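Asks: File follows, structure28.cif with mmCIF, C-alpha atoms:
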```cif
data_protein
#
loop_
_atom_site.label_atom_id
_atom_site.label_comp_id
_atom_site.auth_asym_id
_atom_site.auth_seq_id
_atom_site.Cartn_x
_atom_site.Cartn_y
_atom_site.Cartn_z
CA MET K 1 148.34 -45.14 101.08
CA PRO K 2 146.44 -42.05 102.20
CA LEU K 3 144.87 -39.82 99.58
CA PRO K 4 145.74 -36.16 100.02
CA GLN K 5 143.56 -33.81 102.01
CA ALA K 6 144.17 -30.10 102.11
CA ASN K 7 143.92 -28.31 105.45
CA SER K 8 144.37 -31.44 107.53
CA ASP K 9 146.99 -32.44 110.08
CA GLN K 10 147.89 -35.52 108.07
CA LYS K 11 151.56 -35.61 106.98
CA TYR K 12 152.55 -37.03 103.63
CA THR K 13 155.74 -38.14 101.90
CA TYR K 14 156.96 -38.54 98.36
CA ALA K 15 156.09 -42.25 98.67
CA ASP K 16 152.43 -41.32 99.24
CA TYR K 17 152.57 -38.75 96.45
CA LEU K 18 153.62 -41.39 93.93
CA THR K 19 150.41 -43.33 94.59
CA TRP K 20 148.03 -40.43 94.10
CA PRO K 21 145.77 -40.17 91.02
CA ASP K 22 147.50 -38.84 87.92
CA ASP K 23 144.69 -36.39 87.18
CA GLU K 24 145.14 -34.47 90.43
CA ARG K 25 148.08 -32.19 91.03
CA TRP K 26 149.45 -31.67 94.50
CA GLU K 27 152.57 -30.42 96.17
CA ILE K 28 153.94 -31.50 99.54
CA ILE K 29 155.86 -28.99 101.64
CA ASP K 30 157.22 -30.21 104.97
CA GLY K 31 154.72 -33.05 104.83
CA VAL K 32 151.67 -30.85 104.24
CA ALA K 33 149.71 -31.39 101.01
CA TYR K 34 148.73 -28.33 98.97
CA PRO K 35 146.66 -28.28 95.77
CA TRP K 36 149.02 -27.22 92.98
CA ASN K 37 149.15 -23.44 92.51
CA GLY K 38 146.36 -23.17 95.05
CA ILE K 39 144.01 -24.50 92.42
CA GLN K 40 141.47 -27.01 93.66
CA ALA K 41 142.52 -30.50 92.71
CA MET K 42 139.25 -31.12 90.92
CA SER K 43 139.95 -28.37 88.38
CA PRO K 44 143.68 -28.55 87.92
CA ALA K 45 144.22 -26.48 84.81
CA PRO K 46 145.87 -23.09 85.12
CA SER K 47 144.45 -20.21 83.14
CA VAL K 48 145.25 -19.36 79.53
CA HIS K 49 146.93 -16.18 80.70
CA HIS K 50 149.11 -18.12 83.14
CA GLN K 51 150.10 -20.60 80.44
CA LYS K 52 150.96 -17.88 77.90
CA ILE K 53 153.34 -16.28 80.38
CA SER K 54 154.86 -19.62 81.27
CA MET K 55 155.28 -20.57 77.61
CA GLU K 56 156.98 -17.33 76.62
CA LEU K 57 159.36 -17.38 79.58
CA SER K 58 160.28 -20.97 78.87
CA ARG K 59 160.77 -20.14 75.19
CA GLN K 60 163.21 -17.36 75.99
CA LEU K 61 165.07 -19.42 78.58
CA SER K 62 165.24 -22.55 76.41
CA THR K 63 166.41 -20.67 73.34
CA PHE K 64 169.24 -19.11 75.31
CA LEU K 65 170.18 -22.32 77.16
CA LYS K 66 170.23 -24.54 74.07
CA GLY K 67 173.59 -26.28 73.93
CA LYS K 68 174.55 -25.04 77.40
CA PRO K 69 174.84 -27.17 80.55
CA CYS K 70 171.85 -25.60 82.29
CA GLN K 71 168.41 -26.93 81.42
CA VAL K 72 164.94 -25.49 81.80
CA PHE K 73 161.90 -27.52 82.84
CA ALA K 74 158.26 -26.46 82.95
CA ALA K 75 155.50 -27.76 85.22
CA PRO K 76 154.42 -30.48 85.73
CA PHE K 77 157.94 -31.44 86.81
CA ASP K 78 158.65 -32.79 90.29
CA VAL K 79 161.32 -31.14 92.42
CA ARG K 80 162.14 -33.07 95.60
CA LEU K 81 163.66 -30.99 98.34
CA SER K 82 164.88 -32.60 101.55
CA ASP K 83 167.45 -31.81 104.14
CA GLN K 84 169.57 -34.76 103.08
CA SER K 85 170.48 -35.62 99.52
CA THR K 86 169.95 -39.38 99.63
CA VAL K 87 166.94 -40.54 101.54
CA SER K 88 164.24 -43.02 100.66
CA ASP K 89 160.92 -41.87 99.24
CA ASN K 90 159.34 -42.45 102.65
CA TYR K 91 161.39 -39.63 104.12
CA VAL K 92 161.14 -37.05 101.38
CA ASP K 93 158.56 -34.67 102.83
CA THR K 94 158.75 -31.92 100.21
CA VAL K 95 157.84 -32.24 96.53
CA VAL K 96 156.96 -29.13 94.54
CA GLN K 97 156.07 -28.38 90.94
CA PRO K 98 157.36 -24.89 90.23
CA ASP K 99 156.07 -23.24 87.06
CA LEU K 100 159.61 -23.13 85.65
CA VAL K 101 162.98 -24.29 86.94
CA VAL K 102 166.52 -24.09 85.63
CA VAL K 103 168.90 -26.84 86.75
CA CYS K 104 172.62 -26.53 86.00
CA ASN K 105 173.84 -29.62 87.85
CA GLU K 106 172.99 -32.65 85.73
CA SER K 107 173.55 -35.03 88.64
CA LYS K 108 170.42 -33.67 90.32
CA LEU K 109 168.29 -34.93 87.45
CA ASP K 110 166.80 -38.42 87.30
CA ASP K 111 163.88 -40.06 85.56
CA ARG K 112 161.48 -38.74 88.17
CA GLY K 113 162.50 -35.10 88.06
CA CYS K 114 164.95 -33.03 90.05
CA ASN K 115 166.36 -34.20 93.37
CA GLY K 116 167.67 -31.12 95.16
CA ALA K 117 167.55 -27.40 94.67
CA PRO K 118 167.32 -25.94 91.16
CA ASP K 119 169.48 -22.89 90.40
CA LEU K 120 166.52 -20.76 89.39
CA VAL K 121 162.84 -21.13 90.19
CA ILE K 122 160.05 -19.10 88.59
CA GLU K 123 156.55 -19.09 90.07
CA ILE K 124 153.65 -17.35 88.35
CA THR K 125 151.12 -16.39 91.00
CA SER K 126 147.50 -17.38 90.65
CA PRO K 127 144.60 -15.51 92.15
CA SER K 128 143.58 -17.70 95.05
CA THR K 129 143.54 -17.84 98.79
CA GLY K 130 145.91 -20.78 98.74
CA ASN K 131 148.68 -18.88 97.08
CA ASN K 132 151.95 -19.88 98.69
CA ASP K 133 154.41 -18.26 96.32
CA LEU K 134 155.21 -15.23 98.45
CA THR K 135 155.08 -17.03 101.76
CA ILE K 136 155.63 -20.77 102.22
CA LYS K 137 157.51 -21.28 98.96
CA PHE K 138 159.65 -18.21 99.51
CA ASP K 139 160.83 -19.67 102.81
CA LEU K 140 161.27 -23.10 101.21
CA TYR K 141 163.42 -21.91 98.32
CA GLN K 142 165.48 -19.70 100.59
CA LYS K 143 166.06 -22.59 103.00
CA HIS K 144 167.22 -24.82 100.15
CA CYS K 145 169.46 -22.11 98.68
CA VAL K 146 167.75 -21.70 95.32
CA LYS K 147 170.02 -18.95 93.99
CA GLU K 148 167.33 -16.95 92.23
CA TYR K 149 163.61 -16.95 92.84
CA TRP K 150 161.40 -15.04 90.42
CA ILE K 151 157.82 -14.26 91.34
CA VAL K 152 155.74 -13.27 88.33
CA LEU K 153 152.63 -11.21 89.10
CA PRO K 154 150.37 -11.56 86.05
CA GLU K 155 147.79 -9.03 87.18
CA ALA K 156 150.42 -6.41 87.98
CA LYS K 157 152.44 -7.35 84.87
CA ALA K 158 155.51 -7.28 87.07
CA VAL K 159 158.30 -9.58 88.16
CA MET K 160 160.14 -9.62 91.47
CA VAL K 161 163.58 -11.21 91.41
CA PHE K 162 164.96 -12.42 94.73
CA ARG K 163 168.64 -13.33 94.78
CA LEU K 164 170.42 -15.28 97.49
CA GLN K 165 172.99 -13.13 99.27
CA LYS K 166 176.18 -14.05 101.10
CA ASN K 167 174.18 -14.59 104.30
CA LYS K 168 172.08 -17.24 102.47
CA LYS K 169 168.98 -15.06 102.64
CA TYR K 170 167.09 -13.39 99.85
CA GLY K 171 167.76 -9.66 99.70
CA THR K 172 165.58 -6.80 98.56
CA PRO K 173 163.95 -7.95 95.33
CA ASP K 174 164.79 -6.33 92.02
CA ARG K 175 161.52 -5.22 90.52
CA PHE K 176 160.62 -5.19 86.83
CA GLY K 177 157.65 -3.90 84.86
CA CYS K 178 156.01 -5.03 81.63
CA THR K 179 158.46 -3.36 79.27
CA ASP K 180 161.67 -4.09 81.17
CA ILE K 181 164.51 -6.45 80.36
CA ILE K 182 165.78 -8.73 83.12
CA LYS K 183 169.50 -9.41 82.99
CA VAL K 184 170.36 -12.82 84.42
CA PRO K 185 174.09 -12.96 85.26
CA LEU K 186 173.47 -16.30 86.98
CA LEU K 187 173.02 -17.83 83.51
CA GLY K 188 175.64 -15.85 81.62
CA ASP K 189 174.45 -12.99 79.49
CA LEU K 190 170.80 -14.03 79.29
CA MET K 191 168.37 -11.14 78.97
CA VAL K 192 164.66 -11.83 79.37
CA GLU K 193 162.42 -9.39 77.57
CA LEU K 194 159.20 -8.87 79.49
CA GLY K 195 157.64 -6.98 76.60
CA SER K 196 156.79 -10.28 74.91
CA VAL K 197 155.87 -12.03 78.18
CA PHE K 198 153.01 -9.78 79.23
CA ILE K 199 151.07 -9.58 75.98
CA ASP K 200 147.32 -9.71 76.61
CA MET S 1 149.37 26.79 83.86
CA PRO S 2 149.94 23.62 81.78
CA LEU S 3 147.44 20.79 81.96
CA PRO S 4 149.09 17.47 82.71
CA GLN S 5 150.19 15.17 79.91
CA THR S 6 151.61 11.72 80.33
CA ASP S 7 154.68 10.58 78.44
CA THR S 8 156.07 14.01 77.74
CA GLU S 9 159.23 15.76 78.76
CA GLN S 10 157.18 18.45 80.46
CA LYS S 11 157.97 18.86 84.16
CA TYR S 12 155.29 19.89 86.62
CA THR S 13 155.15 21.26 90.13
CA TYR S 14 152.66 21.38 92.96
CA ALA S 15 151.72 24.88 91.76
CA ASP S 16 150.59 23.42 88.41
CA TYR S 17 148.85 20.54 90.20
CA LEU S 18 146.69 22.95 92.19
CA THR S 19 145.24 24.38 88.96
CA TRP S 20 144.28 21.02 87.42
CA PRO S 21 140.61 19.97 87.17
CA ASP S 22 139.14 18.59 90.38
CA ASP S 23 137.62 15.61 88.63
CA GLU S 24 140.99 14.23 87.53
CA ARG S 25 143.44 12.57 89.87
CA TRP S 26 147.14 12.88 89.23
CA GLU S 27 150.40 12.34 91.05
CA ILE S 28 153.68 14.11 90.36
CA ILE S 29 156.92 12.25 91.02
CA ASP S 30 160.13 14.18 90.38
CA GLY S 31 158.19 16.53 88.13
CA VAL S 32 156.61 13.80 86.00
CA ALA S 33 152.80 13.59 86.00
CA TYR S 34 151.10 10.22 86.40
CA ALA S 35 147.37 9.70 85.97
CA MET S 36 145.50 7.99 88.81
CA SER S 37 142.63 6.99 86.54
CA PRO S 38 140.70 4.79 86.16
CA SER S 39 139.01 4.84 89.55
CA PRO S 40 139.93 1.92 91.77
CA GLY S 41 137.54 -1.02 91.60
CA THR S 42 135.23 -2.54 94.17
CA ARG S 43 137.77 -4.97 95.59
CA HIS S 44 140.33 -2.20 95.98
CA GLN S 45 137.89 0.00 97.86
CA ARG S 46 136.72 -2.84 100.06
CA LEU S 47 140.31 -3.59 101.06
CA SER S 48 141.00 0.07 101.67
CA LEU S 49 137.94 0.44 103.88
CA SER S 50 138.71 -2.66 105.93
CA LEU S 51 142.30 -1.55 106.51
CA SER S 52 141.24 1.95 107.43
CA LEU S 53 138.73 0.55 109.96
CA GLN S 54 141.38 -1.56 111.67
CA PHE S 55 144.03 1.17 111.66
CA GLY S 56 141.52 3.89 112.50
CA ASN S 57 139.93 2.10 115.45
CA TYR S 58 143.34 1.39 116.95
CA LEU S 59 144.72 4.90 116.39
CA LYS S 60 141.63 6.67 117.77
CA GLY S 61 142.79 8.96 120.58
CA LYS S 62 146.46 8.26 119.86
CA GLN S 63 149.16 10.58 118.61
CA CYS S 64 149.38 9.08 115.11
CA ALA S 65 146.81 10.00 112.48
CA LEU S 66 145.50 7.86 109.64
CA PHE S 67 144.60 9.29 106.24
CA VAL S 68 142.98 7.66 103.23
CA ALA S 69 143.21 8.67 99.55
CA PRO S 70 142.58 11.17 98.08
CA PHE S 71 145.01 12.95 100.40
CA ASP S 72 148.01 14.86 99.08
CA VAL S 73 151.48 14.09 100.40
CA ARG S 74 154.05 16.69 99.34
CA LEU S 75 157.07 14.47 99.83
CA SER S 76 159.73 16.76 98.49
CA GLU S 77 158.72 19.85 100.42
CA ARG S 78 161.30 21.55 102.62
CA ILE S 79 160.83 24.52 104.93
CA GLY S 80 160.41 27.69 102.92
CA PHE S 81 159.63 25.92 99.65
CA THR S 82 157.15 27.71 97.43
CA ASP S 83 154.59 25.58 95.58
CA GLU S 84 156.65 26.00 92.40
CA LYS S 85 159.58 24.19 94.03
CA ILE S 86 157.58 21.12 95.10
CA THR S 87 158.08 18.47 92.42
CA THR S 88 156.65 15.38 94.14
CA VAL S 89 153.03 15.05 95.27
CA VAL S 90 151.54 11.59 95.77
CA GLN S 91 148.22 10.17 96.95
CA PRO S 92 148.94 6.89 98.74
CA ASP S 93 145.95 4.61 99.40
CA LEU S 94 146.54 4.87 103.16
CA LEU S 95 149.13 6.59 105.29
CA VAL S 96 149.95 7.11 108.95
CA VAL S 97 151.59 10.31 110.21
CA SER S 98 152.93 10.58 113.77
CA ASP S 99 154.37 14.11 113.55
CA LYS S 100 151.36 16.42 113.55
CA THR S 101 153.50 19.40 112.52
CA LYS S 102 153.66 17.83 109.06
CA LEU S 103 149.90 18.27 108.63
CA ASP S 104 148.23 21.35 107.24
CA ASP S 105 144.99 22.17 105.47
CA ARG S 106 146.34 20.90 102.17
CA GLY S 107 147.59 17.52 103.35
CA CYS S 108 150.92 16.22 104.56
CA SER S 109 154.22 18.00 104.01
CA GLY S 110 157.13 15.60 104.26
CA THR S 111 157.37 11.92 105.04
CA PRO S 112 154.61 9.78 106.55
CA ASP S 113 155.67 7.00 108.94
CA LEU S 114 153.80 4.29 107.10
CA VAL S 115 152.38 4.11 103.58
CA ILE S 116 150.06 1.44 102.19
CA GLU S 117 149.50 0.96 98.48
CA ILE S 118 146.90 -1.51 97.20
CA LEU S 119 148.00 -2.78 93.80
CA SER S 120 145.67 -2.34 90.88
CA PRO S 121 146.55 -3.31 87.32
CA SER S 122 146.87 0.31 86.19
CA THR S 123 149.20 1.45 88.97
CA ALA S 124 150.95 -1.78 89.98
CA VAL S 125 154.25 -1.22 88.24
CA ARG S 126 154.45 2.34 89.56
CA ASP S 127 153.79 1.06 93.08
CA ILE S 128 156.32 -1.75 92.83
CA LYS S 129 159.14 0.21 91.20
CA LEU S 130 158.84 3.98 91.25
CA LYS S 131 157.10 4.43 94.58
CA PHE S 132 159.30 1.81 96.23
CA ASP S 133 162.33 3.92 95.29
CA LEU S 134 160.55 7.12 96.23
CA TYR S 135 159.45 6.00 99.68
CA GLN S 136 162.86 4.49 100.37
CA GLN S 137 164.57 7.70 99.29
CA HIS S 138 162.32 9.73 101.58
CA SER S 139 162.74 7.28 104.49
CA VAL S 140 159.14 6.14 104.91
CA LYS S 141 159.71 3.67 107.75
CA GLU S 142 157.26 1.03 106.50
CA TYR S 143 155.92 0.53 103.00
CA TRP S 144 153.08 -1.97 102.70
CA LEU S 145 152.16 -3.41 99.33
CA ILE S 146 148.87 -5.29 99.15
CA HIS S 147 148.39 -7.72 96.26
CA PRO S 148 144.62 -8.16 96.08
CA ALA S 149 144.65 -10.87 93.41
CA GLU S 150 147.13 -13.01 95.30
CA GLN S 151 145.77 -12.07 98.74
CA THR S 152 149.23 -11.35 100.04
CA LEU S 153 150.95 -8.47 101.77
CA LEU S 154 154.59 -7.42 101.50
CA VAL S 155 155.93 -5.19 104.25
CA TYR S 156 159.15 -3.34 103.49
CA LYS S 157 160.89 -1.85 106.52
CA LEU S 158 163.86 0.49 106.52
CA ASP S 159 166.94 -1.31 107.79
CA LYS S 160 169.91 0.22 109.60
CA THR S 161 171.37 1.46 106.34
CA GLY S 162 168.15 3.28 105.46
CA MET S 163 167.20 0.81 102.73
CA TYR S 164 164.24 -1.53 102.42
CA GLY S 165 165.36 -5.10 103.01
CA ALA S 166 163.72 -8.30 101.84
CA ALA S 167 160.05 -7.85 102.56
CA ASP S 168 158.17 -9.52 105.38
CA ARG S 169 155.54 -11.58 103.61
CA TYR S 170 152.04 -12.40 104.78
CA ALA S 171 149.29 -14.56 103.31
CA GLY S 172 145.55 -14.09 103.29
CA ASN S 173 144.77 -15.20 106.82
CA ASP S 174 147.84 -14.04 108.76
CA GLN S 175 147.97 -11.62 111.67
CA VAL S 176 150.36 -8.71 111.14
CA SER S 177 151.93 -7.12 114.21
CA VAL S 178 152.63 -3.46 113.52
CA SER S 179 155.28 -2.74 116.14
CA LEU S 180 155.93 0.67 114.59
CA LEU S 181 152.54 1.72 115.98
CA GLY S 182 152.68 -0.06 119.35
CA GLU S 183 150.46 -3.08 119.81
CA LEU S 184 148.38 -2.90 116.67
CA VAL S 185 147.65 -6.28 115.06
CA ILE S 186 146.04 -6.32 111.63
CA ASP S 187 143.84 -9.32 110.83
CA LEU S 188 144.35 -10.05 107.14
CA ALA S 189 141.49 -12.57 107.06
CA GLU S 190 139.19 -9.65 107.74
CA VAL S 191 140.97 -7.44 105.22
CA PHE S 192 140.69 -9.98 102.42
CA ALA S 193 137.16 -11.17 103.32
CA GLU S 194 134.87 -10.75 100.34
#
```
Will you turn the file into structure tokens for me?

Replies:
Amino acid sequence: MPLPQANSDQKYTYADYLTWPDDERWEIIDGVAYPWNGIQAMSPAPSVHHQKISMELSRQLSTFLKGKPCQVFAAPFDVRLSDQSTVSDNYVDTVVQPDLVVVCNESKLDDRGCNGAPDLVIEITSPSTGNNDLTIKFDLYQKHCVKEYWIVLPEAKAVMVFRLQKNKKYGTPDRFGCTDIIKVPLLGDLMVELGSVFID
Amino acid sequence: MPLPQTDTEQKYTYADYLTWPDDERWEIIDGVAYAMSPSPGTRHQRLSLSLSLQFGNYLKGKQCALFVAPFDVRLSERIGFTDEKITTVVQPDLLVVSDKTKLDDRGCSGTPDLVIEILSPSTAVRDIKLKFDLYQQHSVKEYWLIHPAEQTLLVYKLDKTGMYGAADRYAGNDQVSVSLLGELVIDLAEVFAE
């Protein structure tokens, strides 16, 4: 079982991923291994600021979704995305750990995480050269028809919300600042208050 | 002549703006004054310089002209407007103007072809929201937003309906073809090099 190497031509699968050390966090997109959130695998912890934002968003989402069919999960939580729904671990070439996901279809959930596209994915960008949120992951989530993709920019204290349109592409993002309220019709009448998300 | 105040109902014009102290930088958008302070940091200026070198070297001897902040763009000016009627004056980080008749001694009157804003924590939300709407409304053909922390670039281009679509997205080491300006290719690895 090969251990992951960033920036190599080696291709990996979910089967490889399952054998990797527990104390390193990786993602695999189209067979390519990326250190989670662009953070070097040797120092896998995201920043305090990142975690505060993640915690507050998950608090607001969970409070609203309590008792409803949709469920929120926070990283580390494996999301397997493949072109077919039932393939063996050896053929699953994409496993990501989004910062937050909302899954409304219970049948996509199993003991190992989520198999298939979540309804909503939230990524909080990290300052690093390996940041894939606006590029590789954008294309990935669009390809797998994730209905809403939120990109949180901690430094800018802003959120960009991409919604899938009829043509199965993300349209012009709705843009929100640090005192705005994001209405989420996808999840009913949820309103996310950014005022309590971007507290220093 | 009123001095600018943020968060008030007071509306300002370019005529007011011209009387404000030289050592303060402001923008006026639809009559509302926004402070440009604090000064951009080292990373911001390094990015700005690298971009202006790549754009400037390519545009040398060509019709289009590159300008770097501080440079006033009177977006809302129409022919015959007095300074009192101009309610939007911005200072983009970089801009490219192809129509030389828009240029005068005071800056640019009307819409540049391309505007680049480099996000900084103090102006990010304005760049992402307010200026996005402003540049779209005034039909700036390309609006580039640089995210220094994330080392990414979003390029919004006007679509057939005159709106910005989903952005083209580039990461820290991509090459960006700027077809609007001919054969220019911007090397982001160089832009983001520390």

Asks: Using all atoms listed in the file, which residue out of K:Ala158, K:Val192, K:Ile182, K:Ile151 lies closest to chain S?

Replies: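 Of all the options, K:Ala158 lies closest to chain S.
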
Asks: Just give me the gap between CA of Ser50 (chain S) and CA of Phe192 (chain S) in Å, one decimal is fine.

Replies: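 Answer for the CA of Ser50 (chain S) to CA of Phe192 (chain S) separation: 8.4 Å.
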
Asks: Enter the distance from CA of Asp22 (chain S) to CA of Glu117 (chain S), in Å, rounded to one decimal.

Replies: 22.0 Å

Asks: Which residues are close to Lys168 (chain K), i.e. within 12 Å by only C-alpha atoms, leaving aside same-chain residues fewer than 5 positions away? Reply as a tab-separated table (two decimals) with C-alpha atoms, keeping the file's coordinate frame.

Replies:
```
chain	number	residue	atom	x	y	z
K	139	ASP	CA	160.83	-19.67	102.81
K	141	TYR	CA	163.42	-21.91	98.32
K	142	GLN	CA	165.48	-19.70	100.59
K	143	LYS	CA	166.06	-22.59	103.00
K	144	HIS	CA	167.22	-24.82	100.15
K	145	CYS	CA	169.46	-22.11	98.68
K	146	VAL	CA	167.75	-21.70	95.32
K	147	LYS	CA	170.02	-18.95	93.99
K	148	GLU	CA	167.33	-16.95	92.23
K	162	PHE	CA	164.96	-12.42	94.73
K	163	ARG	CA	168.64	-13.33	94.78
```

Asks: Which value, in Å to one decimal, gives the distance between CA of Phe67 (chain S) and CA of Pro92 (chain S)?

Replies: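 Value for the CA of Phe67 (chain S)-CA of Pro92 (chain S) distance: 9.0 Å.
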
Asks: Can you pull out every residue within 10 Å of Asp93 (chain S), counting only C-alpha atoms, but drop anything in the same chain fewer than 5 positions away, and send it as a list in words?

Replies: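 Counting only C-alpha atoms, the residues come to His44, Gln45, Ser48, Ser52, Phe67, Val68, Ala69, Pro70, Phe71, Val115, Ile116, Glu117, Ile118 and Leu119 of chain S.
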
Asks: Residues of chain K that approach chain S to 10 Å or less, counting all atoms listed in the file: could you list each one with the shortest pair of atoms and its distance in Å to one decimal, rows by chain and increasing residue number, as CSV?

Replies:
```
residue,atom,partner,partner_atom,distance
K:Thr125,CA,S:Glu150,CA,6.8
K:Ser126,CA,S:Glu150,CA,6.4
K:Pro127,CA,S:Glu150,CA,4.8
K:Ser128,CA,S:Glu150,CA,5.9
K:Thr129,CA,S:Gln151,CA,6.2
K:Gly130,CA,S:Gly172,CA,8.1
K:Asn131,CA,S:Glu150,CA,6.3
K:Asn132,CA,S:Ala171,CA,7.5
K:Asp133,CA,S:Glu150,CA,9.0
K:Leu134,CA,S:Arg169,CA,6.3
K:Thr135,CA,S:Arg169,CA,5.8
K:Ile136,CA,S:Ala171,CA,8.9
K:Phe138,CA,S:Arg169,CA,8.8
K:Asp139,CA,S:Arg169,CA,9.7
K:Leu153,CA,S:Glu150,CA,8.5
K:Pro154,CA,S:Pro121,CA,9.2
K:Glu155,CA,S:Pro121,CA,5.9
K:Ala156,CA,S:Pro121,CA,5.0
K:Lys157,CA,S:Val125,CA,7.2
K:Ala158,CA,S:Val125,CA,6.3
K:Val159,CA,S:Val125,CA,9.3
K:Met160,CA,S:Ile128,CA,8.9
K:Phe162,CA,S:Ala166,CA,8.3
K:Arg163,CA,S:Ala166,CA,10.0
K:Lys169,CA,S:Ala166,CA,8.6
K:Tyr170,CA,S:Ala166,CA,6.4
K:Gly171,CA,S:Ala166,CA,4.8
K:Thr172,CA,S:Ala166,CA,4.1
K:Pro173,CA,S:Ala166,CA,6.5
K:Asp174,CA,S:Lys129,CA,8.7
K:Arg175,CA,S:Lys129,CA,6.0
K:Phe176,CA,S:Lys129,CA,7.1
K:Gly177,CA,S:Val125,CA,5.5
K:Cys178,CA,S:Val125,CA,7.8
```
